[in-house]
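So this one's input_24.cif, mmCIF, C-alpha atoms:
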data_target
loop_
_atom_site.label_atom_id
_atom_site.label_comp_id
_atom_site.auth_asym_id
_atom_site.auth_seq_id
_atom_site.Cartn_x
_atom_site.Cartn_y
_atom_site.Cartn_z
CA MET H 1 99.70 15.87 -74.84
CA LEU H 2 103.06 17.53 -74.19
CA THR H 3 105.13 16.34 -71.29
CA PRO H 4 106.21 18.89 -68.64
CA SER H 5 109.80 18.73 -69.87
CA ILE H 6 108.80 19.55 -73.47
CA GLN H 7 106.53 22.33 -72.24
CA SER H 8 109.46 23.81 -70.30
CA LEU H 9 111.65 23.67 -73.38
CA LEU H 10 109.01 25.46 -75.47
CA VAL H 11 108.62 28.19 -72.86
CA LEU H 12 112.38 28.68 -72.74
CA GLY H 13 112.56 28.74 -76.54
CA VAL H 14 109.83 31.36 -76.88
CA ALA H 15 111.41 33.48 -74.16
CA GLY H 16 114.81 33.23 -75.84
CA PHE H 17 113.32 34.16 -79.21
CA ALA H 18 111.61 37.20 -77.66
CA VAL H 19 114.88 38.34 -76.07
CA ALA H 20 116.71 37.90 -79.39
CA ILE H 21 114.07 39.93 -81.27
CA GLY H 22 114.15 42.63 -78.63
CA THR H 23 117.93 42.83 -78.81
CA HIS H 24 117.84 42.97 -82.63
CA LEU H 25 115.26 45.77 -82.66
CA ALA H 26 117.19 47.69 -80.04
CA ALA H 27 120.35 47.38 -82.14
CA GLN H 28 118.44 48.75 -85.14
CA THR H 29 116.96 51.73 -83.35
CA ALA H 30 119.58 52.68 -80.78
CA PRO H 31 122.15 55.27 -81.94
CA PRO H 32 125.81 54.21 -82.07
CA ALA H 33 127.61 54.80 -78.81
CA THR H 34 130.15 57.03 -80.56
CA ALA H 35 127.63 59.08 -82.55
CA GLN H 36 128.30 62.80 -82.49
CA PRO H 37 125.44 65.34 -82.50
CA GLY H 38 124.95 66.74 -85.97
CA PRO H 39 124.64 70.41 -86.86
CA LEU H 40 121.33 72.07 -86.14
CA LEU H 41 119.87 73.01 -89.53
CA THR H 42 117.04 75.48 -89.11
CA ALA H 43 116.97 78.52 -91.35
CA THR H 44 116.05 81.84 -89.77
CA PRO H 45 115.61 84.25 -92.68
CA PRO H 46 114.97 87.91 -91.84
CA LYS H 47 111.57 89.50 -92.00
CA ILE H 48 111.58 91.99 -94.88
CA ALA H 49 109.69 95.09 -93.79
CA THR H 50 109.85 96.76 -97.20
CA PRO H 51 109.96 94.81 -100.49
CA GLN H 52 113.38 95.08 -102.13
CA PRO H 53 113.74 95.66 -105.88
CA ALA H 54 115.57 93.08 -107.95
CA ALA H 55 119.26 93.93 -107.80
CA ASN H 56 121.78 94.31 -110.64
CA THR H 57 119.23 94.60 -113.44
CA THR H 58 116.82 97.09 -114.99
CA ALA H 59 114.93 94.35 -116.83
CA ASN H 60 111.80 94.67 -114.67
CA ASN H 61 110.36 96.19 -111.52
CA ALA H 62 109.98 92.95 -109.58
CA ASP H 63 110.25 93.06 -105.79
CA TYR H 64 111.70 90.55 -103.34
CA VAL H 65 109.95 89.95 -100.04
CA GLY H 66 111.98 87.12 -98.43
CA SER H 67 111.10 83.51 -97.58
CA LEU H 68 109.20 84.36 -94.40
CA ALA H 69 106.54 85.99 -96.56
CA CYS H 70 105.89 82.59 -98.15
CA GLN H 71 105.39 80.78 -94.85
CA ARG H 72 101.88 82.10 -94.25
CA CYS H 73 100.37 80.19 -97.18
CA HIS H 74 102.98 77.47 -97.65
CA ALA H 75 103.70 76.47 -94.05
CA ALA H 76 104.46 72.77 -94.66
CA THR H 77 106.77 73.49 -97.61
CA TYR H 78 108.50 76.25 -95.68
CA GLU H 79 109.07 73.93 -92.72
CA ARG H 80 110.69 71.25 -94.93
CA TRP H 81 112.82 73.82 -96.74
CA SER H 82 114.05 75.44 -93.50
CA HIS H 83 115.81 72.21 -92.46
CA THR H 84 117.53 71.58 -95.80
CA ARG H 85 121.15 72.40 -96.56
CA MET H 86 120.05 74.79 -99.31
CA ALA H 87 118.41 76.88 -96.61
CA ASN H 88 121.47 76.65 -94.37
CA ILE H 89 124.49 77.16 -96.63
CA ILE H 90 125.55 80.31 -94.81
CA THR H 91 125.00 80.46 -91.05
CA ASP H 92 125.92 82.96 -88.38
CA PRO H 93 127.60 80.88 -85.64
CA LYS H 94 126.53 83.41 -83.03
CA MET H 95 122.89 82.80 -83.95
CA ASN H 96 123.30 79.02 -84.19
CA PRO H 97 126.42 77.76 -82.33
CA ARG H 98 125.54 74.11 -83.03
CA VAL H 99 126.34 74.58 -86.71
CA VAL H 100 130.09 74.79 -85.94
CA LEU H 101 131.73 71.41 -86.61
CA GLY H 102 135.43 72.32 -86.61
CA ASP H 103 137.62 71.60 -83.61
CA PHE H 104 138.57 75.03 -82.28
CA LYS H 105 139.70 73.70 -78.90
CA THR H 106 142.76 71.68 -79.97
CA PRO H 107 145.69 73.83 -81.18
CA ASN H 108 146.50 73.29 -84.86
CA PRO H 109 149.13 75.16 -86.91
CA LEU H 110 146.72 75.34 -89.88
CA VAL H 111 144.15 77.29 -87.90
CA THR H 112 145.39 80.85 -87.62
CA PHE H 113 141.99 82.33 -86.73
CA LYS H 114 139.65 82.05 -83.76
CA LEU H 115 136.01 81.05 -83.68
CA GLU H 116 135.08 84.52 -82.44
CA ASP H 117 136.62 85.90 -85.67
CA VAL H 118 134.14 83.92 -87.80
CA ALA H 119 131.24 85.92 -89.22
CA PHE H 120 129.71 83.09 -91.27
CA VAL H 121 130.01 79.31 -91.40
CA TYR H 122 129.72 77.77 -94.85
CA GLY H 123 128.64 74.12 -95.35
CA THR H 124 127.89 71.16 -93.09
CA LYS H 125 128.04 68.04 -95.26
CA TRP H 126 131.53 67.29 -96.64
CA LYS H 127 133.47 70.40 -95.69
CA GLN H 128 132.98 73.45 -93.55
CA ARG H 129 134.59 76.77 -94.34
CA TYR H 130 134.75 79.93 -92.27
CA PHE H 131 134.29 83.48 -93.53
CA ILE H 132 135.97 86.46 -91.89
CA ARG H 133 134.44 89.91 -92.35
CA LYS H 134 136.67 92.81 -93.38
CA GLY H 135 135.07 96.10 -94.37
CA ASN H 136 131.93 95.42 -96.39
CA ASP H 137 132.98 91.98 -97.64
CA TYR H 138 133.88 88.50 -96.41
CA TYR H 139 137.00 86.41 -96.96
CA PRO H 140 137.49 82.63 -96.55
CA ALA H 141 139.79 81.54 -93.74
CA ASN H 142 142.90 79.59 -94.74
CA ALA H 143 141.71 76.31 -93.19
CA GLN H 144 138.57 74.23 -93.70
CA TRP H 145 137.14 71.40 -91.64
CA ASP H 146 136.93 67.95 -93.29
CA VAL H 147 133.57 66.78 -91.92
CA THR H 148 133.97 63.13 -92.90
CA ASN H 149 137.48 62.62 -91.47
CA ARG H 150 137.16 65.23 -88.72
CA VAL H 151 140.46 66.95 -89.49
CA TRP H 152 141.58 70.42 -90.57
CA ARG H 153 142.80 70.86 -94.15
CA PRO H 154 144.24 73.86 -95.98
CA TYR H 155 141.90 75.93 -98.13
CA PHE H 156 143.54 77.88 -100.93
CA LEU H 157 142.86 77.76 -104.67
CA GLN H 158 145.99 77.20 -106.70
CA ALA H 159 146.75 78.69 -110.12
CA ASN H 160 144.98 77.21 -113.17
CA THR H 161 142.02 75.90 -111.18
CA GLU H 162 139.41 78.64 -111.58
CA TRP H 163 139.52 81.23 -114.38
CA TRP H 164 139.53 84.12 -111.90
CA VAL H 165 142.44 82.96 -109.70
CA ASN H 166 145.14 84.87 -111.56
CA HIS H 167 142.99 88.02 -111.46
CA TYR H 168 142.91 87.84 -107.65
CA PRO H 169 146.61 87.24 -106.85
CA ALA H 170 147.35 86.04 -103.34
CA ALA H 171 150.29 84.85 -101.30
CA ALA H 172 150.26 81.08 -100.78
CA GLY H 173 147.72 80.13 -98.15
CA ASP H 174 146.36 83.67 -97.82
CA ASN H 175 142.77 84.34 -98.95
CA SER H 176 142.64 87.93 -97.72
CA THR H 177 142.59 89.31 -101.29
CA ARG H 178 139.81 87.02 -102.52
CA PRO H 179 136.43 88.36 -101.35
CA THR H 180 133.36 86.13 -101.36
CA GLY H 181 131.13 88.93 -102.69
CA PRO H 182 132.16 88.79 -106.36
CA LEU H 183 133.31 85.17 -106.24
CA CYS H 184 130.71 83.29 -104.18
CA ASP H 185 127.92 85.23 -102.53
CA GLY H 186 125.67 85.66 -105.55
CA CYS H 187 124.87 81.96 -105.45
CA HIS H 188 124.82 81.58 -101.67
CA SER H 189 122.11 84.18 -101.20
CA THR H 190 118.90 85.56 -102.67
CA ASN H 191 118.97 88.89 -104.57
CA TYR H 192 122.59 89.83 -103.83
CA ASN H 193 123.41 93.38 -104.89
CA ALA H 194 126.87 93.61 -106.47
CA GLN H 195 127.05 97.37 -105.89
CA THR H 196 125.94 97.55 -102.25
CA LYS H 197 126.97 94.00 -101.26
CA GLN H 198 123.61 93.62 -99.53
CA THR H 199 121.18 90.75 -99.95
CA THR H 200 117.49 90.16 -99.35
CA GLU H 201 118.45 87.02 -97.44
CA TRP H 202 121.43 84.69 -97.19
CA ASN H 203 121.02 81.13 -98.47
CA VAL H 204 118.90 79.74 -101.30
CA GLY H 205 115.52 81.20 -100.37
CA CYS H 206 112.17 80.58 -102.04
CA GLU H 207 112.65 83.44 -104.50
CA ARG H 208 115.97 82.06 -105.73
CA CYS H 209 114.06 79.41 -107.69
CA HIS H 210 110.61 81.02 -107.96
CA GLY H 211 111.64 84.57 -108.80
CA PRO H 212 110.70 87.79 -107.02
CA GLY H 213 107.53 87.19 -105.01
CA GLY H 214 106.26 90.69 -104.22
CA ALA H 215 103.35 90.59 -106.67
CA HIS H 216 102.42 87.06 -105.63
CA VAL H 217 102.33 87.90 -101.92
CA ALA H 218 100.13 90.93 -102.63
CA ARG H 219 97.74 88.99 -104.91
CA PRO H 220 98.36 85.22 -104.73
CA SER H 221 97.89 83.63 -108.14
CA ARG H 222 99.60 81.01 -110.27
CA ALA H 223 99.94 83.70 -112.91
CA ASN H 224 102.33 85.92 -110.93
CA ILE H 225 104.84 83.43 -109.53
CA ILE H 226 107.29 81.17 -111.34
CA ASP H 227 106.95 77.41 -111.00
CA PRO H 228 109.99 75.78 -112.66
CA ALA H 229 107.91 72.63 -113.23
CA ARG H 230 105.68 74.61 -115.62
CA LEU H 231 108.52 76.17 -117.63
CA ASP H 232 110.01 75.01 -120.92
CA TYR H 233 112.99 72.72 -120.48
CA VAL H 234 115.60 75.44 -121.11
CA SER H 235 114.15 77.91 -118.60
CA ALA H 236 113.52 75.12 -116.09
CA ASN H 237 117.15 74.02 -116.28
CA ASP H 238 118.27 77.62 -115.80
CA THR H 239 116.90 77.30 -112.25
CA CYS H 240 119.83 75.04 -111.36
CA ILE H 241 122.39 75.97 -114.00
CA GLN H 242 122.51 79.58 -112.78
CA CYS H 243 124.72 78.35 -109.93
CA HIS H 244 125.53 74.70 -110.62
CA SER H 245 127.73 75.34 -113.65
CA GLN H 246 131.11 76.77 -114.62
CA GLY H 247 131.07 79.96 -116.65
CA GLN H 248 131.54 83.72 -116.70
CA PRO H 249 129.21 86.72 -116.83
CA LEU H 250 128.82 88.21 -120.31
CA THR H 251 129.64 91.59 -118.74
CA ASN H 252 132.74 91.69 -116.56
CA PRO H 253 134.06 93.44 -114.50
CA ILE H 254 131.01 94.70 -112.61
CA ALA H 255 131.22 97.46 -110.00
CA GLY H 256 134.99 97.37 -110.46
CA GLN H 257 135.37 93.65 -109.70
CA LEU H 258 135.42 90.46 -111.75
CA HIS H 259 132.48 88.24 -110.79
CA ASP H 260 132.09 84.48 -110.95
CA TRP H 261 128.29 84.24 -110.93
CA PRO H 262 125.57 85.46 -113.35
CA VAL H 263 125.11 89.01 -112.07
CA GLY H 264 121.72 90.43 -113.01
CA PHE H 265 119.96 87.14 -113.65
CA HIS H 266 116.92 85.99 -111.74
CA MET H 267 114.15 83.58 -112.56
CA GLY H 268 111.88 85.07 -115.21
CA LEU H 269 114.84 86.23 -117.31
CA LYS H 270 116.97 84.26 -119.78
CA LEU H 271 120.23 82.97 -118.32
CA LYS H 272 121.95 83.09 -121.73
CA ASP H 273 121.65 86.89 -121.64
CA PHE H 274 123.87 87.01 -118.55
CA TRP H 275 126.03 83.87 -118.45
CA LYS H 276 128.34 82.03 -120.82
CA LEU H 277 129.18 78.42 -119.95
CA GLU H 278 132.79 77.32 -120.07
CA GLU H 279 133.64 74.78 -122.74
CA HIS H 280 134.92 71.41 -121.61
CA HIS H 281 137.18 69.53 -124.01
CA LEU H 282 137.33 65.75 -124.17
CA GLY H 283 140.13 64.40 -122.01
CA GLU H 284 140.69 67.70 -120.20
CA GLN H 285 141.14 67.28 -116.47
CA ARG H 286 140.38 70.13 -114.09
CA TYR H 287 139.28 70.33 -110.49
CA THR H 288 135.63 69.96 -111.57
CA HIS H 289 136.15 67.04 -113.97
#

structure tokens encoding of this file:
Amino acid sequence: MLTPSIQSLLVLGVAGFAVAIGTHLAAQTAPPATAQPGPLLTATPPKIATPQPAANTTANNADYVGSLACQRCHAATYERWSHTRMANIITDPKMNPRVVLGDFKTPNPLVTFKLEDVAFVYGTKWKQRYFIRKGNDYYPANAQWDVTNRVWRPYFLQANTEWWVNHYPAAAGDNSTRPTGPLCDGCHSTNYNAQTKQTTEWNVGCERCHGPGGAHVARPSRANIIDPARLDYVSANDTCIQCHSQGQPLTNPIAGQLHDWPVGFHMGLKLKDFWKLEEHHLGEQRYTH
């Protein structure tokens, strides 16, 4: 039989253990005191009233209908996708102010533009860039926000970095002659039209990887939609390589401008008919290697 003193010690020990466990669990679950709220990632693609024909190609009569058309039958997948960075590459800060990470309140000589000048915000992970609209195109601002270190840094591509830089001459630190339409937007949108500079939707929508979905929405069937998992390995890899590679269109210029994305390609076609990969030589060092 335990003496009263030993019983007291056991009670104190159990109580102390419980407090320690509670403190440990609280430390695991409680957010850091200095944690900053992250960007709100929730894609809001437009509702497409009329299906839009595939842009930049006469290869077929496929129609784009936008990601919202997929939500009705694929609600869970749509919900997951809408919170990914692929679905939120390009964001209108007026529609979603929480996406803005840069410090626009503290004066900085690098930042020569105002938040109200920003038409689109690009990126939320490592860097955030800001696009200014002029005419029917967009241009990157001269400063970008370093998300990790929370500081402003210059944004300007120097000579001998990208093949197109010398074809779009610019004064140092000035991106006003380098439009995102021919140089970026084809990969940051779905069904971008190089002639009209219009897109079915900004960001990497469902049809970017599954091809035009008009026929599938009208008559849902595995036979009329592309599933990259069921393609041969070359066509399946084209899903990613169309944007995650360095190369040049086989036809350039297009609509009077040199383009840096495979104009005319969409899933269901062969990427090699539109895009030539750049060669990389052993030992060569560039900004991508």

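The spacing separating atom CA of H:Gln248 from atom CA of H:Phe265 amounts to 12.5 Å.
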
### Task
Apply the PyMOL selection byres ((chain H and resi 106-111) around 10) to the displayed file and report the matching residues as a PyMOL selection string.
chain H and resi 102-105+112-115+141-145+151-155+173

Using all atoms listed in the file, which protein or nucleic acid residues come within 9 Å of H:Trp275? Drop anything in the same chain fewer than 5 positions from it, and give the result as a PDB file with C-alpha atoms, keeping the file's coordinate frame.
ATOM      1  CA  GLN H 242     122.510  79.580-112.780  1.00  0.00           C
ATOM      2  CA  GLY H 247     131.070  79.960-116.650  1.00  0.00           C
ATOM      3  CA  GLN H 248     131.540  83.720-116.700  1.00  0.00           C
ATOM      4  CA  PRO H 249     129.210  86.720-116.830  1.00  0.00           C
ATOM      5  CA  LEU H 250     128.820  88.210-120.310  1.00  0.00           C
ATOM      6  CA  THR H 251     129.640  91.590-118.740  1.00  0.00           C
ATOM      7  CA  TRP H 261     128.290  84.240-110.930  1.00  0.00           C
ATOM      8  CA  PRO H 262     125.570  85.460-113.350  1.00  0.00           C
ATOM      9  CA  VAL H 263     125.110  89.010-112.070  1.00  0.00           C
ATOM     10  CA  PHE H 265     119.960  87.140-113.650  1.00  0.00           C
TER      11      PHE H 265
END

### Task
State, in Å with one decimal place, the distance from atom CA of H:Lys197 to atom CA of H:Ala236.
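Result for atom CA of H:Lys197 versus atom CA of H:Ala236: 27.5 Å, one decimal.
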
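Between atom CA of H:Pro212 and atom CA of H:Thr44 the interatomic distance comes to 19.0 Å.
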
### Message
Let me make sure I understand: among H:Ser245, H:Gln285, H:Ser189, H:Thr180, which one has the smallest atom-to-atom distance to H:Leu258 if we use all atoms listed in the file?
### Response
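Result for the nearest residue to H:Leu258: H:Thr180.
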
Show which residues sit within 10 Å of H:Ala171, as a CSV table (one decimal) with C-alpha atoms, in the coordinates of the input. Count all atoms listed in the file, and ignore same-chain residues fewer than 5 positions away.
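Saved file part_31.csv follows:
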chain,number,residue,atom,x,y,z
H,156,PHE,CA,143.5,77.9,-100.9
H,176,SER,CA,142.6,87.9,-97.7
H,177,THR,CA,142.6,89.3,-101.3

### Message
Could you list, as a PyMOL selection string, every residue matched by the PyMOL selection byres ((chain H and resi 279) around 12) in this structure?
### Response
chain H and resi 245-248+276-278+280-282+284+286+289

#### Entry: Nearest-residue call for H:Asn203, choices H:Gly264, H:Pro228, H:Gly135, H:Gly186, using all atoms listed in the file
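Among the listed residues, the smallest separation from H:Asn203 belongs to H:Gly186.
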
Just so the selection is clear, what residues does the PyMOL selection byres ((chain H and resi 239) around 12) cover here, as a PDB file with C-alpha atoms, keeping the file's coordinate frame?
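Contents of the output file result.pdb:
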ATOM      1  CA  CYS H 187     124.870  81.960-105.450  1.00  0.00           C
ATOM      2  CA  VAL H 204     118.900  79.740-101.300  1.00  0.00           C
ATOM      3  CA  CYS H 206     112.170  80.580-102.040  1.00  0.00           C
ATOM      4  CA  GLU H 207     112.650  83.440-104.500  1.00  0.00           C
ATOM      5  CA  ARG H 208     115.970  82.060-105.730  1.00  0.00           C
ATOM      6  CA  CYS H 209     114.060  79.410-107.690  1.00  0.00           C
ATOM      7  CA  HIS H 210     110.610  81.020-107.960  1.00  0.00           C
ATOM      8  CA  GLY H 211     111.640  84.570-108.800  1.00  0.00           C
ATOM      9  CA  ILE H 226     107.290  81.170-111.340  1.00  0.00           C
ATOM     10  CA  ASP H 227     106.950  77.410-111.000  1.00  0.00           C
ATOM     11  CA  PRO H 228     109.990  75.780-112.660  1.00  0.00           C
ATOM     12  CA  ALA H 229     107.910  72.630-113.230  1.00  0.00           C
ATOM     13  CA  LEU H 231     108.520  76.170-117.630  1.00  0.00           C
ATOM     14  CA  ASP H 232     110.010  75.010-120.920  1.00  0.00           C
ATOM     15  CA  TYR H 233     112.990  72.720-120.480  1.00  0.00           C
ATOM     16  CA  VAL H 234     115.600  75.440-121.110  1.00  0.00           C
ATOM     17  CA  SER H 235     114.150  77.910-118.600  1.00  0.00           C
ATOM     18  CA  ALA H 236     113.520  75.120-116.090  1.00  0.00           C
ATOM     19  CA  ASN H 237     117.150  74.020-116.280  1.00  0.00           C
ATOM     20  CA  ASP H 238     118.270  77.620-115.800  1.00  0.00           C
ATOM     21  CA  CYS H 240     119.830  75.040-111.360  1.00  0.00           C
ATOM     22  CA  ILE H 241     122.390  75.970-114.000  1.00  0.00           C
ATOM     23  CA  GLN H 242     122.510  79.580-112.780  1.00  0.00           C
ATOM     24  CA  CYS H 243     124.720  78.350-109.930  1.00  0.00           C
ATOM     25  CA  HIS H 244     125.530  74.700-110.620  1.00  0.00           C
ATOM     26  CA  SER H 245     127.730  75.340-113.650  1.00  0.00           C
ATOM     27  CA  PRO H 262     125.570  85.460-113.350  1.00  0.00           C
ATOM     28  CA  PHE H 265     119.960  87.140-113.650  1.00  0.00           C
ATOM     29  CA  HIS H 266     116.920  85.990-111.740  1.00  0.00           C
ATOM     30  CA  MET H 267     114.150  83.580-112.560  1.00  0.00           C
ATOM     31  CA  GLY H 268     111.880  85.070-115.210  1.00  0.00           C
ATOM     32  CA  LEU H 269     114.840  86.230-117.310  1.00  0.00           C
ATOM     33  CA  LYS H 270     116.970  84.260-119.780  1.00  0.00           C
ATOM     34  CA  LEU H 271     120.230  82.970-118.320  1.00  0.00           C
TER      35      LEU H 271
END
